[in-house]
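To start, the structure under review is shown below, and the notes come after it.
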Amino acid sequence: MVAPVEPRKIVIEPVTRIEGHGKVTILLDEDRKVTQARLHIAEFRGFERYVQGRPYWEMPVLVQRLCGICPVSHHLCAAKAMDRIVGVDQLTPTAEKVRRLMHFGQMFQSHALHFFHLCSPDLLFGFDADPAIRNVIGVAKEHKELAVQGVMMRKYGQEIIRITAGKKIHGTGAIPGGVNKNVSIEERDYLLKDIDQMLEWARGALNLAKNYSLEHLETVKVFGSFDSNHLCIVRKDGAMDLYDGNIRAINKDGEKIFDGVDPQDYLDYIQEEVKSWSYMKFPFIRQLGPEKGWYRVGPLARLNACDFIDTPEAEAARKEFIGVTNGKPNNFTLAYHWARMIEILHSAEVIRDLLNDPDLQGEDLVLSGDRRPEAVALLEAPRGTLFHHYEVDENDQVKRCNLIVSTTNNNTPMNRAVETVARDHLQDKEEITEGLLNHIEVAIRAYDPCLSCATHALGQMPLVIELKDSDGQLLDSRAKGLSNSS
Amino acid sequence: MNRMNPTVLIIGYGNPGRVDDGLGPAFAKAAEEWNLPGVSVVTTYQLSVEDSHAVALNDFVIFADATVNETDEFYFRKLNPNTEVSHTTHHLEPAAVLGLAHSLFDTDCDGFELGIRGFAFNDFGEMLSPGAEENLHAALNFIKRLLSFENGLNSSTLEPHKLISKT
């Protein structure tokens, strides 16, 4: 008689090469079948309460403290909301273009960091490769030119941020109603001298991601993949617009669920659900309900939902991208990387065009209007759609704040990806190796999640894996990367 | 590297909104006011890959951070470039930044880690605890003396065993 195998729980904590502190648990039954797979967010920060009582003009500076990774997105989204609070619906050309330059600088550096230094080890060395080389140091040793490009592209984007926001991290450039500085001729020329090199490297990065996707298309099609809705903001004419627009949601076949929704009305369309096992909320499309209304955001969703891209090289790349799925939405999780590199090229094209626009040197920086008590702003951050919603009282103090950050929007999709990969790669296995567990992380990493932002907490990323039985008894564990530094 | 007229980069990092986690930025802010020749200062929230390029442009780098480790006021030690550990997040450890600088940009920059002991990390607030303030001043005095060495900065002045009793 064979003794029954006890149900097992596999814990990956935290997930590596993402930002913030996440934990994955996978429950296997007696027959080693996956019964449940979840991405847990174990930290909590509560920024929405923290800003209550603070004056509204502090918001663009205050909320960016959510994160040291994409503070510019929070800075700009809060500034956009505060534009409405001070009664400004349209910025001056200079203010709008300086902000857009800041935003695309952020997009450029964030996508570069993720692609070259966080995900490329998996693509270059393989998901099962020795973890001793499957990291940025390994990339530096084996593909030095790529690693250098990643560093220099990241640095270029950071320089754009420094010039437009005043600092690389937690700048103050965007203020309610405009910006507090323009871009001088000297600053413009400093950035222009390297833009052709950045465009060239962006093209190379796009080719790398595209070629990987096409050469591994059978894997890309199924790895952590599933049909989903997609959501983003688009310009009124349907163009991709990462800075401003109305909300569009499409289903897995590309049919519009809703379109042209004013961000001020987002609560009529989006609802958030809370689950006891995660600090991260679960947004969904109200009319479809939580079971069918969850959606993806970020580069993949943006490529799927927009009608076109208004820069020529990125538009050509978009057409090639959607050609793989015959013009229908691409629902492949690993296609995020290809989509992200189309956006990095688009960002470089926009940066070049903005740097050549004399409006950047304009002197008309700030407008004001009639105060409003409430405002919503949306922005396409590198990781996806970012929602900021504020109510401000008659004393100019914020009395209510609701934030739906990019990674929160991708909460259900990341859980789906974890479950799909667990079922496809972990069940029925006699031994759960590090390489197999990395498959789970590869699926999460495709979304480039920023969990510290999503849960409003700072975290470090050591990895602890625990095997537990159904009673919670520890059967086995392994750990790496633990640190005591502050 | 020009060791006769070397350049020094000070990177103070941490979150100034989390009380003593702001020790690194506070150190950098004070060091910037020294205006010492050949010394440049950078403040950042956390270390990232692009810092490796700035490191590579200098002869010496000092990474200043808060530490929760039990030490005296601070510790100061030479770093070995780390070319082995995995990069797990956007944030890098000082030795990994130094390792990337060596690997990617062929520098022989020497790196040092200055860990200033803090006590309060769990609260919000842009201030330092009284104990952290004292430790900051001790660390500033020590590093300023080091960088203002009467014979000028050179490789021998930054040999820890000659000047540094703290480990």
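Within each chain, counting starts at residue 1; across the structure tokens, chains are named A, B, ... in the order shown, with ligands numbered 1 upward in that order.
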Self-check item: Selection near Arg84 of chain A, 7 Å with only C-alpha atoms, sequence-local residues under 5 positions removed, as a ChimeraX atom specification
Solution: /A:89,372,375
Practice problem: Run DSSP on the backbone and grab whatever in segment 181-299 of chain A lands in strand (DSSP E); send it over as a ChimeraX atom specification. | Solution: /A:229-234,246-250,256-261,270-273,282-285,295-296
Practice problem: Record the distance separating atom CA of Asp370 of chain A and atom CA of Asn402 of chain A, expressed in Å with one decimal. | Solution: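 A separation of 22.8 Å between them.
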Practice problem: Compute the set of chain B residues within 10 Å of chain A, using only C-alpha atoms, and express it as a VMD selection string. | Solution: chain B and resid 14 to 17 20 to 21 43 to 54 65 to 69 82 to 91 93 96 99 to 105 115 117 to 118 121 124
Practice problem: Go through A:Pro329, A:Gly254, A:Pro60, A:Pro382 and flag the residue nearest Ala174 of chain A, using only C-alpha atoms for the distances. | Solution: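 Between A:Pro329, A:Gly254, A:Pro60, A:Pro382, the residue approaching Ala174 of chain A most closely is A:Pro60.
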Quiz item: Could you name the residues that touch segment 353-355 of chain A at 8 Å or less, counting only C-alpha atoms, but leaving out those on the same chain fewer than 3 positions away, as a PyMOL selection string?
Solution: chain A and resi 97+101+188+191-192+349-350+358+360
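Near Phe112 of chain B, within a cut-off of 10 Å and counting only C-alpha atoms, sit the residues Ile10, Phe60, Val61, Ile62, Phe63, Ala64, Phe76, Arg77, Lys78, Leu79, Asn80, Pro94, Ala95, Leu98, Asp110, Leu114, Gly115, Leu158 and Pro160 of chain B, with same-chain residues fewer than 2 positions away left out.
Using only C-alpha atoms for every distance, the candidate list B:Val42, B:Ala56, B:Ala120, B:Ala31 yields B:Ala31 as the residue closest to His137 of chain B.
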Quiz item: Suppose you want the space between atom CA of Phe116 of chain A and atom CA of Asp307 of chain A; what is it in Å?
Solution: 28.2 Å
Exercise. From a DSSP pass on the backbone, collect the residues of segment 148-325 of chain A flagged as helix (DSSP H, G or I) and hand them back as a VMD selection string.
Key: chain A and resid 148 to 165 185 to 215 217 to 222 263 to 268 289 to 292 299 to 305 312 to 323
The selected residues should be written to file as a PDB file, in the first residue's frame (atoms: C-alpha atoms).
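Final output, result-v3.pdb:
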ATOM      1  CA  VAL A 148      26.553  49.125 -21.163  1.00  0.00           C
ATOM      2  CA  GLN A 149      23.707  50.193 -23.449  1.00  0.00           C
ATOM      3  CA  GLY A 150      21.228  49.526 -20.663  1.00  0.00           C
ATOM      4  CA  VAL A 151      23.221  51.651 -18.229  1.00  0.00           C
ATOM      5  CA  MET A 152      23.663  54.517 -20.671  1.00  0.00           C
ATOM      6  CA  MET A 153      20.018  54.482 -21.788  1.00  0.00           C
ATOM      7  CA  ARG A 154      18.894  54.499 -18.191  1.00  0.00           C
ATOM      8  CA  LYS A 155      21.294  57.355 -17.477  1.00  0.00           C
ATOM      9  CA  TYR A 156      20.035  59.337 -20.475  1.00  0.00           C
ATOM     10  CA  GLY A 157      16.447  59.065 -19.287  1.00  0.00           C
ATOM     11  CA  GLN A 158      17.532  60.102 -15.811  1.00  0.00           C
ATOM     12  CA  GLU A 159      19.277  63.151 -17.260  1.00  0.00           C
ATOM     13  CA  ILE A 160      16.053  64.178 -18.987  1.00  0.00           C
ATOM     14  CA  ILE A 161      14.285  63.850 -15.651  1.00  0.00           C
ATOM     15  CA  ARG A 162      16.984  65.832 -13.874  1.00  0.00           C
ATOM     16  CA  ILE A 163      16.716  68.672 -16.362  1.00  0.00           C
ATOM     17  CA  THR A 164      12.923  68.821 -16.488  1.00  0.00           C
ATOM     18  CA  ALA A 165      12.142  67.971 -12.871  1.00  0.00           C
ATOM     19  CA  ILE A 185      19.072  76.009 -25.081  1.00  0.00           C
ATOM     20  CA  GLU A 186      22.123  74.609 -23.284  1.00  0.00           C
ATOM     21  CA  GLU A 187      20.080  71.853 -21.657  1.00  0.00           C
ATOM     22  CA  ARG A 188      18.410  71.021 -24.956  1.00  0.00           C
ATOM     23  CA  ASP A 189      21.736  70.782 -26.763  1.00  0.00           C
ATOM     24  CA  TYR A 190      23.184  68.644 -23.978  1.00  0.00           C
ATOM     25  CA  LEU A 191      20.358  66.128 -24.500  1.00  0.00           C
ATOM     26  CA  LEU A 192      20.312  66.404 -28.290  1.00  0.00           C
ATOM     27  CA  LYS A 193      23.927  65.366 -28.673  1.00  0.00           C
ATOM     28  CA  ASP A 194      23.129  61.806 -27.591  1.00  0.00           C
ATOM     29  CA  ILE A 195      19.629  61.313 -29.002  1.00  0.00           C
ATOM     30  CA  ASP A 196      20.772  59.641 -32.223  1.00  0.00           C
ATOM     31  CA  GLN A 197      22.749  57.102 -30.218  1.00  0.00           C
ATOM     32  CA  MET A 198      19.707  56.474 -28.016  1.00  0.00           C
ATOM     33  CA  LEU A 199      17.531  55.921 -31.055  1.00  0.00           C
ATOM     34  CA  GLU A 200      20.033  53.476 -32.447  1.00  0.00           C
ATOM     35  CA  TRP A 201      20.206  51.504 -29.212  1.00  0.00           C
ATOM     36  CA  ALA A 202      16.406  51.573 -28.917  1.00  0.00           C
ATOM     37  CA  ARG A 203      16.154  50.060 -32.401  1.00  0.00           C
ATOM     38  CA  GLY A 204      18.630  47.389 -31.380  1.00  0.00           C
ATOM     39  CA  ALA A 205      16.705  46.596 -28.204  1.00  0.00           C
ATOM     40  CA  LEU A 206      13.487  46.336 -30.178  1.00  0.00           C
ATOM     41  CA  ASN A 207      15.114  43.947 -32.626  1.00  0.00           C
ATOM     42  CA  LEU A 208      16.410  41.838 -29.767  1.00  0.00           C
ATOM     43  CA  ALA A 209      12.957  41.557 -28.177  1.00  0.00           C
ATOM     44  CA  LYS A 210      11.236  40.991 -31.500  1.00  0.00           C
ATOM     45  CA  ASN A 211      13.685  38.352 -32.665  1.00  0.00           C
ATOM     46  CA  TYR A 212      13.470  36.542 -29.340  1.00  0.00           C
ATOM     47  CA  SER A 213       9.676  36.529 -29.587  1.00  0.00           C
ATOM     48  CA  LEU A 214       9.618  35.267 -33.156  1.00  0.00           C
ATOM     49  CA  GLU A 215      12.354  32.684 -32.658  1.00  0.00           C
ATOM     50  CA  LEU A 217       7.075  31.980 -30.773  1.00  0.00           C
ATOM     51  CA  GLU A 218       5.675  28.617 -29.725  1.00  0.00           C
ATOM     52  CA  THR A 219       6.911  29.196 -26.180  1.00  0.00           C
ATOM     53  CA  VAL A 220       5.848  32.836 -26.155  1.00  0.00           C
ATOM     54  CA  LYS A 221       2.335  31.879 -27.267  1.00  0.00           C
ATOM     55  CA  VAL A 222       1.689  29.602 -24.313  1.00  0.00           C
ATOM     56  CA  PRO A 263     -11.120  60.063 -16.503  1.00  0.00           C
ATOM     57  CA  GLN A 264     -13.391  62.061 -14.180  1.00  0.00           C
ATOM     58  CA  ASP A 265     -15.983  59.303 -14.650  1.00  0.00           C
ATOM     59  CA  TYR A 266     -13.696  56.349 -13.926  1.00  0.00           C
ATOM     60  CA  LEU A 267     -15.689  55.228 -10.896  1.00  0.00           C
ATOM     61  CA  ASP A 268     -18.672  54.562 -13.163  1.00  0.00           C
ATOM     62  CA  GLY A 289     -18.096  42.106 -12.616  1.00  0.00           C
ATOM     63  CA  PRO A 290     -15.021  40.774 -10.819  1.00  0.00           C
ATOM     64  CA  GLU A 291     -15.015  37.371 -12.500  1.00  0.00           C
ATOM     65  CA  LYS A 292     -14.958  38.606 -16.087  1.00  0.00           C
ATOM     66  CA  PRO A 299       2.802  48.005 -22.801  1.00  0.00           C
ATOM     67  CA  LEU A 300       0.894  44.954 -24.035  1.00  0.00           C
ATOM     68  CA  ALA A 301      -2.501  46.512 -23.319  1.00  0.00           C
ATOM     69  CA  ARG A 302      -1.456  49.805 -24.874  1.00  0.00           C
ATOM     70  CA  LEU A 303      -0.258  48.135 -28.069  1.00  0.00           C
ATOM     71  CA  ASN A 304      -3.475  46.145 -28.236  1.00  0.00           C
ATOM     72  CA  ALA A 305      -5.893  48.966 -27.490  1.00  0.00           C
ATOM     73  CA  PRO A 312       6.825  56.397 -37.751  1.00  0.00           C
ATOM     74  CA  GLU A 313       9.299  53.793 -36.549  1.00  0.00           C
ATOM     75  CA  ALA A 314       7.194  52.700 -33.588  1.00  0.00           C
ATOM     76  CA  GLU A 315       4.096  52.559 -35.813  1.00  0.00           C
ATOM     77  CA  ALA A 316       5.892  50.279 -38.257  1.00  0.00           C
ATOM     78  CA  ALA A 317       6.919  48.104 -35.327  1.00  0.00           C
ATOM     79  CA  ARG A 318       3.334  48.061 -34.014  1.00  0.00           C
ATOM     80  CA  LYS A 319       2.040  46.788 -37.343  1.00  0.00           C
ATOM     81  CA  GLU A 320       4.591  44.003 -37.301  1.00  0.00           C
ATOM     82  CA  PHE A 321       3.621  43.205 -33.697  1.00  0.00           C
ATOM     83  CA  ILE A 322      -0.109  42.896 -34.351  1.00  0.00           C
ATOM     84  CA  GLY A 323       0.612  40.964 -37.530  1.00  0.00           C
TER      85      GLY A 323
END
Exercise. Tell me which of A:Met240, A:Met341, A:Ile250, A:Ala95 sits closest to Pro176 of chain A, counting only C-alpha atoms.
Key: A:Ala95
Quiz item: Which neighbours of Val442 of chain A fall inside 12 Å, counting only C-alpha atoms, when residues of the same chain fewer than 4 positions from it are skipped, and could you give them as a PyMOL selection string?
Solution: chain A and resi 15-18+118-123+126-128+134+220+223-224+333-334+336-337+414+417-418+421-422+435-438+446-449
Can you write just those residues out, N, CA and C atoms, as an mmCIF file, in the first residue's frame?
data_model
loop_
_atom_site.group_PDB
_atom_site.id
_atom_site.type_symbol
_atom_site.label_atom_id
_atom_site.label_comp_id
_atom_site.auth_asym_id
_atom_site.auth_seq_id
_atom_site.Cartn_x
_atom_site.Cartn_y
_atom_site.Cartn_z
ATOM 1 N N VAL A 15 9.570 37.329 -4.564
ATOM 2 C CA VAL A 15 9.881 37.144 -5.969
ATOM 3 C C VAL A 15 11.014 38.104 -6.337
ATOM 4 N N THR A 16 11.968 37.619 -7.128
ATOM 5 C CA THR A 16 13.154 38.431 -7.393
ATOM 6 C C THR A 16 13.088 39.159 -8.737
ATOM 7 N N ARG A 17 14.007 40.104 -8.878
ATOM 8 C CA ARG A 17 14.131 40.960 -10.060
ATOM 9 C C ARG A 17 12.819 41.650 -10.416
ATOM 10 N N ILE A 18 12.072 42.001 -9.414
ATOM 11 C CA ILE A 18 10.977 42.946 -9.532
ATOM 12 C C ILE A 18 11.195 43.937 -8.399
ATOM 13 N N LEU A 118 16.810 43.519 -15.838
ATOM 14 C CA LEU A 118 15.934 42.659 -15.035
ATOM 15 C C LEU A 118 15.438 41.453 -15.821
ATOM 16 N N CYS A 119 15.020 41.647 -17.057
ATOM 17 C CA CYS A 119 14.475 40.495 -17.785
ATOM 18 C C CYS A 119 15.468 39.851 -18.742
ATOM 19 N N SER A 120 16.448 40.618 -19.232
ATOM 20 C CA SER A 120 17.340 40.042 -20.241
ATOM 21 C C SER A 120 18.102 38.805 -19.744
ATOM 22 N N PRO A 121 18.445 38.692 -18.451
ATOM 23 C CA PRO A 121 19.100 37.451 -18.032
ATOM 24 C C PRO A 121 18.283 36.203 -18.360
ATOM 25 N N ASP A 122 16.966 36.295 -18.224
ATOM 26 C CA ASP A 122 16.116 35.143 -18.553
ATOM 27 C C ASP A 122 16.129 34.868 -20.048
ATOM 28 N N LEU A 123 16.063 35.937 -20.845
ATOM 29 C CA LEU A 123 15.985 35.764 -22.290
ATOM 30 C C LEU A 123 17.330 35.334 -22.871
ATOM 31 N N GLY A 126 18.322 31.791 -20.590
ATOM 32 C CA GLY A 126 17.309 30.735 -20.427
ATOM 33 C C GLY A 126 16.737 30.724 -19.028
ATOM 34 N N PHE A 127 15.494 30.298 -18.941
ATOM 35 C CA PHE A 127 14.797 30.328 -17.657
ATOM 36 C C PHE A 127 15.428 29.371 -16.646
ATOM 37 N N ASP A 128 16.060 28.307 -17.153
ATOM 38 C CA ASP A 128 16.631 27.283 -16.267
ATOM 39 C C ASP A 128 18.124 27.462 -16.040
ATOM 40 N N ARG A 134 22.591 33.944 -14.224
ATOM 41 C CA ARG A 134 21.324 34.490 -14.725
ATOM 42 C C ARG A 134 20.980 35.767 -13.967
ATOM 43 N N VAL A 220 6.458 31.540 -26.500
ATOM 44 C CA VAL A 220 5.848 32.836 -26.155
ATOM 45 C C VAL A 220 4.321 32.749 -26.193
ATOM 46 N N PHE A 223 3.407 30.470 -22.806
ATOM 47 C CA PHE A 223 4.007 30.625 -21.485
ATOM 48 C C PHE A 223 3.237 31.667 -20.659
ATOM 49 N N GLY A 224 2.541 31.217 -19.660
ATOM 50 C CA GLY A 224 1.797 32.128 -18.782
ATOM 51 C C GLY A 224 0.730 32.922 -19.499
ATOM 52 N N THR A 333 1.684 36.604 -22.535
ATOM 53 C CA THR A 333 2.350 37.305 -21.430
ATOM 54 C C THR A 333 3.769 37.731 -21.801
ATOM 55 N N LEU A 334 4.522 36.849 -22.453
ATOM 56 C CA LEU A 334 5.909 37.192 -22.777
ATOM 57 C C LEU A 334 6.012 38.254 -23.871
ATOM 58 N N TYR A 336 4.843 41.050 -23.619
ATOM 59 C CA TYR A 336 5.081 42.335 -22.937
ATOM 60 C C TYR A 336 6.461 42.894 -23.272
ATOM 61 N N HIS A 337 7.448 41.999 -23.390
ATOM 62 C CA HIS A 337 8.813 42.486 -23.632
ATOM 63 C C HIS A 337 8.925 43.157 -25.005
ATOM 64 N N MET A 414 -1.500 38.956 -13.118
ATOM 65 C CA MET A 414 -0.281 38.327 -12.602
ATOM 66 C C MET A 414 -0.615 37.032 -11.875
ATOM 67 N N ALA A 417 -1.216 34.490 -14.486
ATOM 68 C CA ALA A 417 0.047 34.047 -15.080
ATOM 69 C C ALA A 417 0.748 33.044 -14.172
ATOM 70 N N VAL A 418 0.742 33.326 -12.871
ATOM 71 C CA VAL A 418 1.357 32.411 -11.911
ATOM 72 C C VAL A 418 0.651 31.057 -11.954
ATOM 73 N N VAL A 421 1.452 29.137 -15.297
ATOM 74 C CA VAL A 421 2.812 28.571 -15.329
ATOM 75 C C VAL A 421 2.943 27.437 -14.322
ATOM 76 N N ALA A 422 2.319 27.589 -13.172
ATOM 77 C CA ALA A 422 2.385 26.516 -12.166
ATOM 78 C C ALA A 422 1.775 25.232 -12.712
ATOM 79 N N GLY A 435 15.244 26.342 -11.099
ATOM 80 C CA GLY A 435 14.904 26.730 -12.456
ATOM 81 C C GLY A 435 13.401 26.710 -12.703
ATOM 82 N N LEU A 436 12.743 25.702 -12.155
ATOM 83 C CA LEU A 436 11.288 25.630 -12.307
ATOM 84 C C LEU A 436 10.609 26.788 -11.578
ATOM 85 N N LEU A 437 11.102 27.066 -10.393
ATOM 86 C CA LEU A 437 10.511 28.186 -9.661
ATOM 87 C C LEU A 437 10.750 29.508 -10.385
ATOM 88 N N ASN A 438 11.888 29.598 -11.059
ATOM 89 C CA ASN A 438 12.152 30.825 -11.807
ATOM 90 C C ASN A 438 11.133 31.021 -12.922
ATOM 91 N N ALA A 446 7.431 39.622 -16.412
ATOM 92 C CA ALA A 446 7.004 40.167 -17.705
ATOM 93 C C ALA A 446 6.166 41.422 -17.525
ATOM 94 N N TYR A 447 5.454 41.486 -16.401
ATOM 95 C CA TYR A 447 4.610 42.652 -16.132
ATOM 96 C C TYR A 447 5.412 43.811 -15.547
ATOM 97 N N ASP A 448 6.683 43.593 -15.250
ATOM 98 C CA ASP A 448 7.536 44.610 -14.622
ATOM 99 C C ASP A 448 6.847 45.209 -13.402
ATOM 100 N N PRO A 449 6.372 44.354 -12.505
ATOM 101 C CA PRO A 449 5.597 44.912 -11.386
ATOM 102 C C PRO A 449 6.453 45.726 -10.434
#
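In this model, the gap between atom CA of Thr107 of chain B and atom CA of Leu92 of chain B comes to 18.3 Å.
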